[in-house]
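Below: target.cif (mmCIF, C-alpha atoms)
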```cif
data_query
loop_
_atom_site.label_atom_id
_atom_site.label_comp_id
_atom_site.auth_asym_id
_atom_site.auth_seq_id
_atom_site.Cartn_x
_atom_site.Cartn_y
_atom_site.Cartn_z
CA MET L 176 169.29 182.79 153.14
CA GLU L 177 169.93 183.80 156.71
CA GLU L 178 171.08 180.93 158.87
CA VAL L 179 168.56 179.86 161.46
CA LYS L 180 170.04 179.60 164.92
CA PRO L 181 170.35 177.78 167.19
CA ARG L 182 170.90 174.51 165.42
CA ILE L 183 170.25 171.21 167.08
CA SER L 184 170.07 167.72 165.76
CA VAL L 185 167.86 165.09 167.31
CA TYR L 186 168.09 161.37 166.90
CA TYR L 187 166.64 158.42 168.68
CA ALA L 188 168.75 155.44 169.67
CA GLN L 189 167.80 152.47 171.80
CA ASN L 190 165.65 153.96 174.52
CA ALA L 191 166.93 157.53 174.40
CA THR L 192 166.44 160.87 172.69
CA ILE L 193 169.82 162.39 171.87
CA VAL L 194 169.97 166.12 171.27
CA THR L 195 173.20 167.52 169.89
CA LEU L 196 173.76 171.24 170.27
CA ALA L 197 175.40 172.23 167.01
CA ASP L 198 176.37 175.83 167.74
CA GLU L 199 179.79 176.64 169.14
CA LYS L 200 178.47 179.59 171.12
CA ILE L 201 175.11 179.84 172.85
CA LEU L 202 174.44 183.28 174.20
CA ASP L 203 171.53 185.19 172.76
CA ASP L 204 168.23 185.21 174.61
CA GLU L 205 166.53 184.53 171.30
CA ASP L 206 168.74 181.50 170.68
CA ILE L 207 168.06 180.20 174.16
CA ARG L 208 164.31 180.69 173.74
CA ALA L 209 164.47 178.93 170.37
CA LEU L 210 166.45 176.08 171.91
CA GLU L 211 163.87 175.76 174.65
CA ASP L 212 161.07 175.79 172.10
CA SER L 213 162.83 173.00 170.20
CA ILE L 214 163.69 170.86 173.21
CA MET L 215 160.61 171.08 175.43
CA PRO L 216 158.18 169.43 172.99
CA LEU L 217 160.53 166.43 172.87
CA ILE L 218 159.87 165.84 176.59
CA ASP L 219 156.36 164.48 176.34
CA GLY L 220 156.64 161.60 178.78
CA PRO L 221 159.16 159.60 180.80
CA VAL L 222 161.94 160.08 178.25
CA ASN L 223 165.60 159.24 178.54
CA PHE L 224 167.24 162.39 177.33
CA VAL L 225 170.88 162.95 176.39
CA ILE L 226 172.24 166.40 175.55
CA ASP L 227 175.52 166.32 173.65
CA PHE L 228 177.75 169.39 174.10
CA SER L 229 180.60 168.25 171.86
CA SER L 230 180.33 171.28 169.55
CA VAL L 231 179.84 173.87 172.26
CA ASN L 232 182.88 175.90 173.27
CA PHE L 233 181.22 178.92 174.88
CA LEU L 234 178.06 179.46 176.86
CA SER L 235 176.77 181.88 179.44
CA SER L 236 174.85 181.45 182.68
CA ALA L 237 171.61 181.90 180.75
CA VAL L 238 172.16 178.46 179.20
CA LEU L 239 172.53 176.96 182.67
CA GLY L 240 169.08 178.35 183.44
CA LEU L 241 167.72 176.61 180.36
CA LEU L 242 169.28 173.30 181.42
CA ILE L 243 167.62 173.58 184.82
CA ARG L 244 164.24 174.21 183.19
CA VAL L 245 164.78 171.19 180.93
CA SER L 246 165.83 169.09 183.92
CA LYS L 247 162.71 170.11 185.88
CA ARG L 248 160.47 169.20 182.94
CA ILE L 249 162.15 165.81 182.60
CA ASN L 250 161.85 165.13 186.34
CA GLU L 251 158.16 166.08 186.28
CA ASN L 252 157.71 163.52 183.51
CA LYS L 253 159.70 160.89 185.45
CA GLY L 254 162.35 160.83 182.77
CA ARG L 255 166.12 160.89 183.01
CA LEU L 256 168.57 163.52 181.78
CA LYS L 257 172.23 162.95 180.95
CA LEU L 258 174.71 165.55 179.68
CA CYS L 259 177.81 164.52 177.78
CA SER L 260 180.90 165.59 175.85
CA ILE L 261 181.33 168.81 177.79
CA GLY L 262 184.76 170.32 177.05
CA PRO L 263 187.05 171.27 179.93
CA LYS L 264 186.39 175.02 179.76
CA ILE L 265 182.62 174.54 179.83
CA TYR L 266 182.93 171.85 182.49
CA ASP L 267 184.67 174.41 184.71
CA ILE L 268 181.51 176.53 184.56
CA PHE L 269 179.52 173.54 185.82
CA LYS L 270 182.04 172.96 188.60
CA ILE L 271 182.14 176.60 189.71
CA THR L 272 178.36 176.75 189.91
CA ARG L 273 178.25 173.22 191.43
CA LEU L 274 175.84 172.16 188.73
CA ASP L 275 178.17 169.21 188.13
CA GLU L 276 176.68 167.90 191.41
CA ILE L 277 173.08 167.93 190.20
CA PHE L 278 173.53 166.93 186.56
CA ASP L 279 174.71 163.48 185.45
CA ILE L 280 177.63 164.25 183.17
CA TYR L 281 179.40 161.67 180.99
CA PRO L 282 182.49 161.89 178.78
CA ASP L 283 180.64 160.92 175.59
CA VAL L 284 177.30 159.85 174.14
CA LYS L 285 178.18 156.16 174.34
CA LYS L 286 178.82 156.31 178.09
CA ALA L 287 175.70 158.42 178.64
CA MET L 288 173.67 155.80 176.75
CA GLN L 289 175.21 152.98 178.76
CA SER L 290 174.16 154.71 181.98
CA LEU L 291 170.54 154.54 180.82
CA LYS L 292 170.49 150.75 180.44
CA MET O 226 196.63 196.00 162.52
CA THR O 227 199.06 196.20 165.41
CA LEU O 228 198.00 197.49 168.74
CA LYS O 229 200.06 199.87 170.81
CA ALA O 230 201.24 198.38 174.08
CA CYS O 231 198.68 200.13 176.28
CA THR O 232 195.18 201.14 175.32
CA HIS O 233 192.53 203.08 177.15
CA GLU O 234 189.08 203.40 175.72
CA LYS O 235 185.69 204.48 177.00
CA ILE O 236 182.69 203.45 174.93
CA ILE O 237 179.21 204.73 175.59
CA SER O 238 176.61 202.53 173.95
CA LYS O 239 172.90 202.11 173.85
CA GLY O 240 171.97 199.52 176.44
CA VAL O 241 171.21 196.84 173.90
CA VAL O 242 172.89 193.45 174.25
CA PRO O 243 173.82 192.80 170.58
CA GLU O 244 175.54 196.20 170.30
CA LEU O 245 177.39 195.62 173.55
CA ARG O 246 178.46 192.15 172.41
CA HIS O 247 179.88 193.73 169.28
CA ILE O 248 181.97 196.08 171.45
CA CYS O 249 183.09 193.15 173.62
CA ALA O 250 184.18 191.25 170.50
CA LYS O 251 186.35 194.20 169.43
CA ILE O 252 187.93 194.41 172.88
CA LEU O 253 188.64 190.66 172.78
CA CYS O 254 190.42 191.14 169.43
CA HIS O 255 192.65 193.76 171.05
CA ILE O 256 193.39 191.43 173.95
CA GLN O 257 194.21 188.59 171.57
CA GLN O 258 196.82 190.74 169.86
CA LEU O 259 198.63 191.08 173.18
CA ARG O 260 199.10 187.30 173.41
CA TYR O 261 196.84 186.60 176.33
CA SER O 262 196.20 182.86 176.69
CA ASP O 263 193.07 181.11 175.43
CA ASP O 264 192.03 180.56 179.05
CA ASP O 265 192.40 184.29 179.78
CA LEU O 266 190.36 185.16 176.69
CA PHE O 267 187.65 182.70 177.68
CA ALA O 268 187.53 184.17 181.20
CA ILE O 269 187.37 187.78 180.00
CA HIS O 270 184.77 186.92 177.37
CA LEU O 271 182.55 185.19 179.92
CA ALA O 272 182.92 187.95 182.51
CA MET O 273 182.13 190.67 179.94
CA GLU O 274 179.10 188.71 178.69
CA GLU O 275 177.71 188.29 182.19
CA ALA O 276 178.44 191.91 183.16
CA VAL O 277 176.85 193.32 180.01
CA VAL O 278 173.73 191.15 180.30
CA ASN O 279 173.38 192.10 183.98
CA ALA O 280 173.78 195.79 183.10
CA VAL O 281 171.03 195.64 180.48
CA LYS O 282 168.60 193.30 182.21
CA HIS O 283 168.95 194.07 185.89
CA GLY O 284 170.57 197.52 185.79
CA ASN O 285 168.80 199.30 182.96
CA LYS O 286 165.68 197.07 183.18
CA GLN O 287 165.97 196.52 179.41
CA ASP O 288 165.30 200.19 178.70
CA PRO O 289 167.11 200.84 175.38
CA ALA O 290 167.09 204.57 176.10
CA ARG O 291 169.51 203.96 178.95
CA ASN O 292 173.19 203.63 178.13
CA VAL O 293 175.84 201.17 179.18
CA VAL O 294 179.43 202.39 179.43
CA ILE O 295 182.29 200.01 178.79
CA GLU O 296 185.71 201.33 179.70
CA TYR O 297 189.01 199.50 179.69
CA ASP O 298 192.71 199.87 180.28
CA LEU O 299 194.62 197.20 178.40
CA SER O 300 198.31 196.44 178.68
CA PRO O 301 200.40 193.33 177.99
CA GLU O 302 200.25 192.58 181.72
CA LYS O 303 196.56 193.04 182.54
CA ILE O 304 193.22 194.42 181.59
CA ASP O 305 191.04 196.62 183.79
CA LEU O 306 187.43 196.65 182.64
CA TRP O 307 184.51 198.71 183.86
CA VAL O 308 180.89 198.08 182.91
CA THR O 309 178.48 200.74 184.13
CA ASP O 310 174.73 200.96 183.69
CA GLN O 311 172.21 203.70 184.46
CA GLY O 312 170.21 201.70 186.96
CA LYS O 313 169.81 202.00 190.71
CA GLY O 314 172.49 199.42 191.39
CA PHE O 315 172.41 196.52 193.83
CA ASP O 316 174.14 195.30 196.95
CA SER O 317 176.73 192.88 195.60
CA ASP O 318 177.77 191.81 199.12
CA HIS O 319 174.39 190.36 199.95
CA LEU O 320 173.58 188.32 196.88
CA ALA O 321 172.21 184.84 197.47
CA ASP O 322 174.86 182.19 196.83
CA PRO O 323 173.55 180.24 193.81
CA ARG O 324 175.49 177.15 194.90
CA LEU O 325 173.71 176.72 198.23
CA GLY O 326 170.50 174.94 199.18
CA ASP O 327 167.57 175.31 196.86
CA ASN O 328 169.30 178.19 195.06
CA ILE O 329 171.11 175.60 192.97
CA TYR O 330 167.79 174.80 191.26
CA LYS O 331 167.12 178.44 190.38
CA THR O 332 167.29 179.32 186.72
CA CYS O 333 169.20 182.58 187.19
CA GLY O 334 171.56 184.35 189.61
CA ARG O 335 174.92 182.84 188.60
CA GLY O 336 176.39 185.74 186.61
CA VAL O 337 178.13 187.53 189.48
CA LEU O 338 179.54 184.23 190.79
CA LEU O 339 181.04 183.52 187.37
CA ILE O 340 182.48 187.03 187.09
CA ARG O 341 184.09 186.71 190.53
CA SER O 342 185.40 183.22 189.71
CA TYR O 343 186.95 184.01 186.35
CA MET O 344 188.47 187.42 187.01
CA ASP O 345 191.43 188.14 189.30
CA ALA O 346 189.76 191.07 191.04
CA VAL O 347 186.17 192.29 191.00
CA GLU O 348 184.77 195.33 192.74
CA TYR O 349 181.41 197.06 192.55
CA ASN O 350 181.06 200.76 193.22
CA GLN O 351 179.10 201.89 196.26
CA SER O 352 175.80 202.23 194.47
CA GLY O 353 176.32 198.91 192.68
CA ASN O 354 175.71 200.09 189.12
CA SER O 355 179.33 199.75 188.02
CA VAL O 356 181.62 196.75 188.14
CA HIS O 357 185.40 196.97 187.87
CA MET O 358 187.04 193.72 186.79
CA VAL O 359 190.73 192.92 186.47
CA LYS O 360 192.35 190.04 184.63
CA LEU O 361 196.09 189.48 184.68
CA ASN O 362 197.78 188.09 181.57
CA SER O 363 198.70 184.62 182.81
CA LYS O 364 201.44 184.27 180.16
CA SER O 365 203.01 187.54 181.26
CA ALA O 366 202.71 186.58 184.95
CA CYS O 367 204.28 183.20 184.20
CA GLU O 368 207.21 184.79 182.35
CA ALA O 369 207.77 187.26 185.19
CA ASP O 370 207.79 184.37 187.64
CA LYS O 371 210.38 182.50 185.55
CA SER O 372 212.60 185.62 185.35
CA ALA O 373 212.40 186.11 189.10
CA ARG O 374 213.50 182.52 189.69
CA ALA O 375 216.33 182.66 187.13
#
```
What does the file become when written as structure tokens?
Amino acid sequence: MEEVKPRISVYYAQNATIVTLADEKILDDEDIRALEDSIMPLIDGPVNFVIDFSSVNFLSSAVLGLLIRVSKRINENKGRLKLCSIGPKIYDIFKITRLDEIFDIYPDVKKAMQSLK
Amino acid sequence: MTLKACTHEKIISKGVVPELRHICAKILCHIQQLRYSDDDLFAIHLAMEEAVVNAVKHGNKQDPARNVVIEYDLSPEKIDLWVTDQGKGFDSDHLADPRLGDNIYKTCGRGVLLIRSYMDAVEYNQSGNSVHMVKLNSKSACEADKSARA
């Protein structure tokens, strides 16, 4: 059977929704649309949302666009968004685009969760 | 397969992103064989991805009947890459800076910034439908530097 991409896992802990991006590379428009279709319905109120990038080792600027759309949706719903476990190469992309200044980024899920207390 | 020290190739492809990504993957394999660093490979991969997507989306307006040409000169010291579409082009000198003001909240417009940041030299042709990108092999540059100091 053909593998369905992109893969995410979602779990709920304490007061947060934690979404782990399971694919190493996120590039295709279709994948990004599918990700958006998976993530957006999870933002149905003032949620605390954590996106875990620990498996991601390559992404393009199209993914940054998705993150901004997710962030806007969360802000509209008075929720909070935290990103975590972003590897150094991907973090450089955030720094170059200065998106590290508008996203709350934490070294790991635990620290991201602590910031939501 | 071993790769000869210098390679020049010009590939004319349908302007369809998956096909172009396949070509980019082959080029990255060639680069890997010449012992470019992981950071160099990441940079070239990202720049090619952004250039190819821009060529298809903004250049060719997603018209699959229009081609994209990928051309490269690869040596152990550097790679020169050209990505050319069949669109009208754009003025690369007057693009909005995606890092400034409200632009930072826009969902697109960061591709050219990333290309310029990750490659050592980037130049658009006059009409703006072709980008020439250069990446030096950082391992090779480092070894040359050591030899010069020895």
**Request:** Could you state which residues are captured by the PyMOL selection byres ((chain O) within 9 of (chain L)) in this file, as a PyMOL selection string?
**Result:** chain O and resi 242-243+264+267+271+274-275+323-325+329-336+338-339+342
Okay, now the selection with C-alpha atoms, as a PDB file, in the frame of the given file?
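File selection_16.pdb, as written:
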```pdb
ATOM      1  CA  VAL O 242     172.890 193.450 174.250  1.00  0.00           C
ATOM      2  CA  PRO O 243     173.820 192.800 170.580  1.00  0.00           C
ATOM      3  CA  ASP O 264     192.030 180.560 179.050  1.00  0.00           C
ATOM      4  CA  PHE O 267     187.650 182.700 177.680  1.00  0.00           C
ATOM      5  CA  LEU O 271     182.550 185.190 179.920  1.00  0.00           C
ATOM      6  CA  GLU O 274     179.100 188.710 178.690  1.00  0.00           C
ATOM      7  CA  GLU O 275     177.710 188.290 182.190  1.00  0.00           C
ATOM      8  CA  PRO O 323     173.550 180.240 193.810  1.00  0.00           C
ATOM      9  CA  ARG O 324     175.490 177.150 194.900  1.00  0.00           C
ATOM     10  CA  LEU O 325     173.710 176.720 198.230  1.00  0.00           C
ATOM     11  CA  ILE O 329     171.110 175.600 192.970  1.00  0.00           C
ATOM     12  CA  TYR O 330     167.790 174.800 191.260  1.00  0.00           C
ATOM     13  CA  LYS O 331     167.120 178.440 190.380  1.00  0.00           C
ATOM     14  CA  THR O 332     167.290 179.320 186.720  1.00  0.00           C
ATOM     15  CA  CYS O 333     169.200 182.580 187.190  1.00  0.00           C
ATOM     16  CA  GLY O 334     171.560 184.350 189.610  1.00  0.00           C
ATOM     17  CA  ARG O 335     174.920 182.840 188.600  1.00  0.00           C
ATOM     18  CA  GLY O 336     176.390 185.740 186.610  1.00  0.00           C
ATOM     19  CA  LEU O 338     179.540 184.230 190.790  1.00  0.00           C
ATOM     20  CA  LEU O 339     181.040 183.520 187.370  1.00  0.00           C
ATOM     21  CA  SER O 342     185.400 183.220 189.710  1.00  0.00           C
TER      22      SER O 342
END
```
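Between Ile207 (chain L) and the residues L:Arg182, L:Val194, L:Pro263, L:Val222, the shortest atom-to-atom distance, using only C-alpha atoms, involves L:Arg182.
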Take the PyMOL selection byres ((chain O and resi 311) around 8), run it mentally on this structure, and tell me the resulting residues as an mmCIF file with C-alpha atoms, in the frame of the given file.
```
data_model
loop_
_atom_site.group_PDB
_atom_site.id
_atom_site.type_symbol
_atom_site.label_atom_id
_atom_site.label_comp_id
_atom_site.auth_asym_id
_atom_site.auth_seq_id
_atom_site.Cartn_x
_atom_site.Cartn_y
_atom_site.Cartn_z
ATOM 1 C CA GLY O 284 170.570 197.520 185.790
ATOM 2 C CA ASN O 285 168.800 199.300 182.960
ATOM 3 C CA ARG O 291 169.510 203.960 178.950
ATOM 4 C CA ASN O 292 173.190 203.630 178.130
ATOM 5 C CA VAL O 293 175.840 201.170 179.180
ATOM 6 C CA THR O 309 178.480 200.740 184.130
ATOM 7 C CA ASP O 310 174.730 200.960 183.690
ATOM 8 C CA GLY O 312 170.210 201.700 186.960
ATOM 9 C CA LYS O 313 169.810 202.000 190.710
ATOM 10 C CA ASN O 354 175.710 200.090 189.120
#
```
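Take the candidates O:Ala366, O:Met344, O:Leu361, O:Val337 and check each one against Asn279 (chain O) using all atoms listed in the file; the shortest distance goes to O:Val337.
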**Request:** On this file, the PyMOL selection byres ((chain O and resi 233) around 8) gives some set of residues; write that set as a PyMOL selection string.
**Result:** chain O and resi 231-232+234-235+296-299
